[in-house]
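Have a look at the structure below, then the notes.
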Amino acid sequence: MRDLVEIGMGRTARRTYQLGDVDIVPSRRTRSSKEVSTTWQLDAYRFDIPVLAHPTDALVSPEFAIELGRLGGLGVINGEGLWGRHRDVESKIAQVIELAESDADVVEATRLLQRLHAAPIDPELLAEAVGKVRDSGVTTAVRVSPQNAATLTPYLLQAGIDLLVVHGTIISAEHVTGDGSPLNLKTFISELDVPVVAGGVSDHRTALHLMRTGAAGVIVGYGSAEGVTTTGEVLGIGVPMATAIADAAAARRDYLDETGGRYVHVIADGDIHTSGDLAKAIACGADAAVLGTPLSVASEAPGGGWYWPSVAAHPSMPRGALAPVIFGDRPSLDQVLNGPSDDPFGSLNLVGGLRRSMAKSGYSDLKEFQRVGLSVQG
């Protein structure tokens, strides 16, 4: 039964939980972390680690996507970002960072981001970025918004993408565009030859609706990260990730029964900063996680030690801030994911921490680990 509390006369709200509110409770024999598998498969594509990169220009360049793919994860290029709008993206990002470093409120940097994103999307530039990743041999994924999915997808299919990510702050099975014409995701997905991942959602019903569209994966959460994402301040919308993941996992189970065996992957996106957070997200029911700030400290990230989410460049209502994520030497992406780590707080060796958590709990793979015991703090 849902835990409802009264917040005023005649008004109730559900009590929900963040990842920081729950803990993993080992209750089985332990095993060596060398005997643990973190592999998972999305449609026909197999990945060695349950990590996707947030589709922002601050993090995912074609080169970053290639490196993350080489390390077993999935880098998602922002199809509506700078790589499809400007040829000299590196210099444009350098200008943004220079402004951010000189402006304590990063207001001018945000304005510059908005101006840069006002340039029209050039399908040829976008195809070049996609082609670099595709030609490297790693899985190629690109993000589009529900508003522009119908327009951009034909170009992306021609460029040779493997996976399409339809991603917005909030997404539904039917998105009504500015001219009043709806994007019916079920029809849209059924006409594509590539698997689609869609999100974000935060509740059981919306997750179930998206699963019924034929999506191969559903993104849960809005990419929230303290000091970077401002969705709560701007829209008043928040996602308690532990509850949201558990709700989506329940929707996955219901859909599995409804369809007689079709499994849709749940991908957590928000408030995951450390290896412990990653382990908790999987334990709550996620198959994989979208990471932003944890990966942006890597030397391969084009943000140069700065991070901003893709929604930071919205022309009229940005919902993300530019923020520094690291000072001094930047570790390689390999060290961020696989160590070794000299940080006792879990910001490095993210996958190694997940492996150890699984091993200490006695589970050998991600699907098993989703059944681990949990406790609520306080």
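Note on naming: chains are A, B, ... as they come in the structure tokens, residues start from 1 per chain, ligands start from 1 in the order shown.
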Any chance you could list, as a ChimeraX atom specification, the residues in region 29-253 of chain A that come up strand (DSSP E or B) when DSSP is run on the backbone? /A:40-42,45-47,51-53,74-78,141-144,163-167,174-176,182-184,196-201,217-224,229
With DSSP run on the backbone, what are the alpha helix (DSSP H) residues within region 101-139 of chain A? I'd like them as an MDAnalysis selection string. chainID A and resid 101:102 107:117 123:136
Where does region 200-269 of chain A meet region 39-46 of chain A within 10 Å, residue by residue, with the nearest atom pair and distance in Å to one decimal for each, counting only C-alpha atoms, listed by chain and rising number, as a Markdown table?
| residue | atom | partner | partner_atom | distance |
| --- | --- | --- | --- | --- |
| A:Ala215 | CA | A:Asp43 | CA | 10.0 |
| A:Ala216 | CA | A:Asp43 | CA | 6.5 |
| A:Gly217 | CA | A:Leu42 | CA | 7.5 |
| A:Tyr263 | CA | A:Asp43 | CA | 9.5 |
| A:Val264 | CA | A:Leu42 | CA | 8.6 |
| A:His265 | CA | A:Leu42 | CA | 7.1 |
What's the 12 Å shell around Thr151 (chain A), counting only C-alpha atoms, without same-chain residues fewer than 6 positions away, as a PyMOL selection string? chain A and resi 79-80+121+123+144-145+157+177+183+188
With C-alpha atoms retained, could you export that selection as an mmCIF file, in the first residue's frame?
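Ended up saving to again_25.cif:
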data_model
loop_
_atom_site.group_PDB
_atom_site.id
_atom_site.type_symbol
_atom_site.label_atom_id
_atom_site.label_comp_id
_atom_site.auth_asym_id
_atom_site.auth_seq_id
_atom_site.Cartn_x
_atom_site.Cartn_y
_atom_site.Cartn_z
ATOM 1 C CA GLY A 79 21.291 15.262 -31.994
ATOM 2 C CA GLU A 80 20.118 18.793 -31.241
ATOM 3 C CA ILE A 121 20.830 22.082 -37.384
ATOM 4 C CA PRO A 123 22.103 17.361 -41.211
ATOM 5 C CA VAL A 144 16.392 13.728 -30.101
ATOM 6 C CA SER A 145 13.587 15.551 -28.335
ATOM 7 C CA LEU A 157 18.792 6.620 -39.890
ATOM 8 C CA THR A 177 3.753 19.671 -30.850
ATOM 9 C CA LEU A 183 3.789 12.545 -32.103
ATOM 10 C CA PHE A 188 6.598 6.293 -34.655
#
For the atom pair CA of Leu185 (chain A) and CA of Thr213 (chain A), what is the interatomic distance in Å to one decimal place?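 Pair CA of Leu185 (chain A) / CA of Thr213 (chain A) returns 5.9 Å.
Omitting region 190-194 of chain A and its sequence neighbours fewer than 2 positions away, and counting only C-alpha atoms, the residues within 8 Å are Ile161, Asp162, Leu163, Leu164, Lys186, Thr187, Phe188, Val196 and Gly214 of chain A.
Using only C-alpha atoms, the nearest neighbour of Leu59 (chain A) within the list A:Val290, A:Ala109, A:Ala159, A:Val36 is A:Val290.
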Find the residues near region 111-115 of chain A: any atom within 10 Å, counting only C-alpha atoms, skip ones fewer than 2 places away on the same chain, and give them as a PDB file with N, CA and C atoms, in the first residue's frame.
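The resulting file, around32.pdb, is shown below:
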ATOM      1  N   GLY A  81      22.326  19.174 -30.357  1.00  0.00           N
ATOM      2  CA  GLY A  81      23.384  19.950 -29.725  1.00  0.00           C
ATOM      3  C   GLY A  81      24.275  20.631 -30.745  1.00  0.00           C
ATOM      4  N   LEU A  82      25.461  20.993 -30.287  1.00  0.00           N
ATOM      5  CA  LEU A  82      26.370  21.792 -31.107  1.00  0.00           C
ATOM      6  C   LEU A  82      27.016  20.998 -32.225  1.00  0.00           C
ATOM      7  N   LYS A  92      33.890  26.606 -29.788  1.00  0.00           N
ATOM      8  CA  LYS A  92      32.655  27.171 -29.231  1.00  0.00           C
ATOM      9  C   LYS A  92      32.527  26.800 -27.747  1.00  0.00           C
ATOM     10  N   ILE A  93      32.816  25.542 -27.409  1.00  0.00           N
ATOM     11  CA  ILE A  93      32.757  25.123 -26.012  1.00  0.00           C
ATOM     12  C   ILE A  93      33.808  25.862 -25.195  1.00  0.00           C
ATOM     13  N   GLN A  95      34.820  28.871 -25.634  1.00  0.00           N
ATOM     14  CA  GLN A  95      34.281  30.211 -25.371  1.00  0.00           C
ATOM     15  C   GLN A  95      33.287  30.180 -24.209  1.00  0.00           C
ATOM     16  N   VAL A  96      32.443  29.140 -24.193  1.00  0.00           N
ATOM     17  CA  VAL A  96      31.468  29.006 -23.109  1.00  0.00           C
ATOM     18  C   VAL A  96      32.179  28.853 -21.767  1.00  0.00           C
ATOM     19  N   LEU A  99      33.783  32.104 -20.519  1.00  0.00           N
ATOM     20  CA  LEU A  99      32.794  32.997 -19.918  1.00  0.00           C
ATOM     21  C   LEU A  99      32.365  32.496 -18.543  1.00  0.00           C
ATOM     22  N   ALA A 100      32.170  31.196 -18.432  1.00  0.00           N
ATOM     23  CA  ALA A 100      31.732  30.621 -17.158  1.00  0.00           C
ATOM     24  C   ALA A 100      32.776  30.854 -16.067  1.00  0.00           C
ATOM     25  N   VAL A 106      27.518  32.771 -14.065  1.00  0.00           N
ATOM     26  CA  VAL A 106      27.479  32.051 -15.341  1.00  0.00           C
ATOM     27  C   VAL A 106      26.293  32.459 -16.211  1.00  0.00           C
ATOM     28  N   VAL A 107      25.802  33.678 -16.026  1.00  0.00           N
ATOM     29  CA  VAL A 107      24.660  34.140 -16.821  1.00  0.00           C
ATOM     30  C   VAL A 107      25.066  34.320 -18.276  1.00  0.00           C
ATOM     31  N   GLU A 108      26.198  34.976 -18.494  1.00  0.00           N
ATOM     32  CA  GLU A 108      26.629  35.224 -19.869  1.00  0.00           C
ATOM     33  C   GLU A 108      26.954  33.908 -20.580  1.00  0.00           C
ATOM     34  N   ALA A 109      27.505  32.952 -19.850  1.00  0.00           N
ATOM     35  CA  ALA A 109      27.788  31.647 -20.454  1.00  0.00           C
ATOM     36  C   ALA A 109      26.498  30.961 -20.892  1.00  0.00           C
ATOM     37  N   HIS A 117      22.995  27.510 -29.742  1.00  0.00           N
ATOM     38  CA  HIS A 117      21.960  26.535 -30.092  1.00  0.00           C
ATOM     39  C   HIS A 117      20.872  27.135 -30.977  1.00  0.00           C
ATOM     40  N   ALA A 118      20.899  28.445 -31.155  1.00  0.00           N
ATOM     41  CA  ALA A 118      19.942  29.078 -32.062  1.00  0.00           C
ATOM     42  C   ALA A 118      20.315  28.865 -33.519  1.00  0.00           C
ATOM     43  N   ALA A 119      21.564  28.479 -33.789  1.00  0.00           N
ATOM     44  CA  ALA A 119      21.970  28.170 -35.164  1.00  0.00           C
ATOM     45  C   ALA A 119      21.197  26.952 -35.657  1.00  0.00           C
ATOM     46  N   ALA A 312      20.194  22.961 -20.447  1.00  0.00           N
ATOM     47  CA  ALA A 312      20.743  24.258 -20.048  1.00  0.00           C
ATOM     48  C   ALA A 312      20.686  25.281 -21.172  1.00  0.00           C
ATOM     49  N   ALA A 313      20.526  24.823 -22.416  1.00  0.00           N
ATOM     50  CA  ALA A 313      20.539  25.733 -23.560  1.00  0.00           C
ATOM     51  C   ALA A 313      19.144  26.036 -24.096  1.00  0.00           C
ATOM     52  N   HIS A 314      18.105  25.682 -23.351  1.00  0.00           N
ATOM     53  CA  HIS A 314      16.751  25.954 -23.829  1.00  0.00           C
ATOM     54  C   HIS A 314      16.604  27.451 -24.111  1.00  0.00           C
ATOM     55  N   PRO A 315      15.996  27.822 -25.240  1.00  0.00           N
ATOM     56  CA  PRO A 315      15.996  29.238 -25.639  1.00  0.00           C
ATOM     57  C   PRO A 315      15.206  30.165 -24.722  1.00  0.00           C
ATOM     58  N   SER A 316      14.181  29.660 -24.038  1.00  0.00           N
ATOM     59  CA  SER A 316      13.355  30.541 -23.219  1.00  0.00           C
ATOM     60  C   SER A 316      13.307  30.152 -21.748  1.00  0.00           C
ATOM     61  N   PRO A 318      15.851  27.798 -19.627  1.00  0.00           N
ATOM     62  CA  PRO A 318      16.898  26.814 -19.311  1.00  0.00           C
ATOM     63  C   PRO A 318      16.653  26.185 -17.945  1.00  0.00           C
ATOM     64  N   LEU A 322      25.534  25.841 -15.570  1.00  0.00           N
ATOM     65  CA  LEU A 322      26.922  25.466 -15.807  1.00  0.00           C
ATOM     66  C   LEU A 322      27.626  25.433 -14.463  1.00  0.00           C
TER      67      LEU A 322
END
Tell me which protein, DNA and RNA residues are within 12 Å of Gly199 (chain A), counting only C-alpha atoms, leaving out same-chain ones fewer than 3 positions away, and put them as a PyMOL selection string. chain A and resi 143-146+164-173+175+185+196+202-203+206-211+213+215-223+248+265-269+290
Produce a file of the selected residues containing C-alpha atoms, as a CSV table (one decimal), in the first residue's frame.
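Full text of selection_15.csv as output:
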chain,number,residue,atom,x,y,z
A,143,ARG,CA,19.2,11.7,-28.7
A,144,VAL,CA,16.4,13.7,-30.1
A,145,SER,CA,13.6,15.6,-28.3
A,146,PRO,CA,9.9,14.5,-28.8
A,164,LEU,CA,17.6,6.2,-31.1
A,165,VAL,CA,17.0,8.0,-27.8
A,166,VAL,CA,13.8,10.1,-27.6
A,167,HIS,CA,14.5,12.1,-24.5
A,168,GLY,CA,12.8,15.1,-22.9
A,169,THR,CA,12.4,16.5,-19.4
A,170,ILE,CA,9.0,14.9,-19.3
A,171,ILE,CA,7.7,12.6,-22.0
A,172,SER,CA,4.5,10.8,-22.7
A,173,ALA,CA,3.3,8.2,-25.2
A,175,HIS,CA,3.4,14.4,-27.5
A,185,LEU,CA,5.3,7.2,-30.1
A,196,VAL,CA,14.2,3.2,-29.4
A,202,SER,CA,8.8,9.2,-12.9
A,203,ASP,CA,5.8,7.0,-12.2
A,206,THR,CA,3.7,6.7,-17.5
A,207,ALA,CA,6.4,4.1,-17.6
A,208,LEU,CA,3.8,1.4,-18.5
A,209,HIS,CA,2.4,3.7,-21.2
A,210,LEU,CA,5.9,4.1,-22.7
A,211,MET,CA,6.6,0.4,-22.6
A,213,THR,CA,4.7,2.0,-27.4
A,215,ALA,CA,10.3,1.1,-26.7
A,216,ALA,CA,13.2,-1.1,-25.9
A,217,GLY,CA,14.1,0.9,-22.9
A,218,VAL,CA,12.5,3.6,-20.6
A,219,ILE,CA,14.5,6.3,-19.0
A,220,VAL,CA,13.4,7.1,-15.4
A,221,GLY,CA,14.1,10.5,-14.0
A,222,TYR,CA,15.0,13.9,-15.3
A,223,GLY,CA,18.8,13.9,-15.0
A,248,ALA,CA,9.1,1.7,-13.2
A,265,HIS,CA,14.9,-2.1,-19.8
A,266,VAL,CA,14.6,0.5,-17.1
A,267,ILE,CA,17.4,3.1,-17.2
A,268,ALA,CA,17.8,5.4,-14.2
A,269,ASP,CA,18.7,9.1,-14.9
A,290,VAL,CA,22.6,7.5,-17.3
My list of candidates is A:Ser361, A:Ser275, A:Thr38, A:Ser310. Which is closest to Val336 (chain A) when distances are computed with only C-alpha atoms?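 Smallest distance to Val336 (chain A) is found for A:Ser275.
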Figure out the distance between CA of Pro302 (chain A) and CA of Pro324 (chain A), please, to one decimal in Å.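 Result for CA of Pro324 (chain A) versus CA of Pro302 (chain A): 12.8 Å, one decimal.
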Who sits within 7 Å of Val138 (chain A), only C-alpha atoms, same chain under 5 positions skipped, as a list in words: Ile66, Gly69, Arg70 and Val133 of chain A
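Restricting the calculation to only C-alpha atoms, the smallest distance between Ser357 (chain A) and any of A:Leu116, A:Ala251, A:Met317, A:Ala279 is found for A:Ala279.
Closest to Asp287 (chain A) among A:Gly72, A:Gly320, A:Pro50, A:Pro309 is A:Pro50, based on only C-alpha atoms.
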Selected residue, from A:Thr274, A:Val142, A:Arg319, A:Ala244, that lies nearest to Arg14 (chain A) when counting only C-alpha atoms: A:Ala244
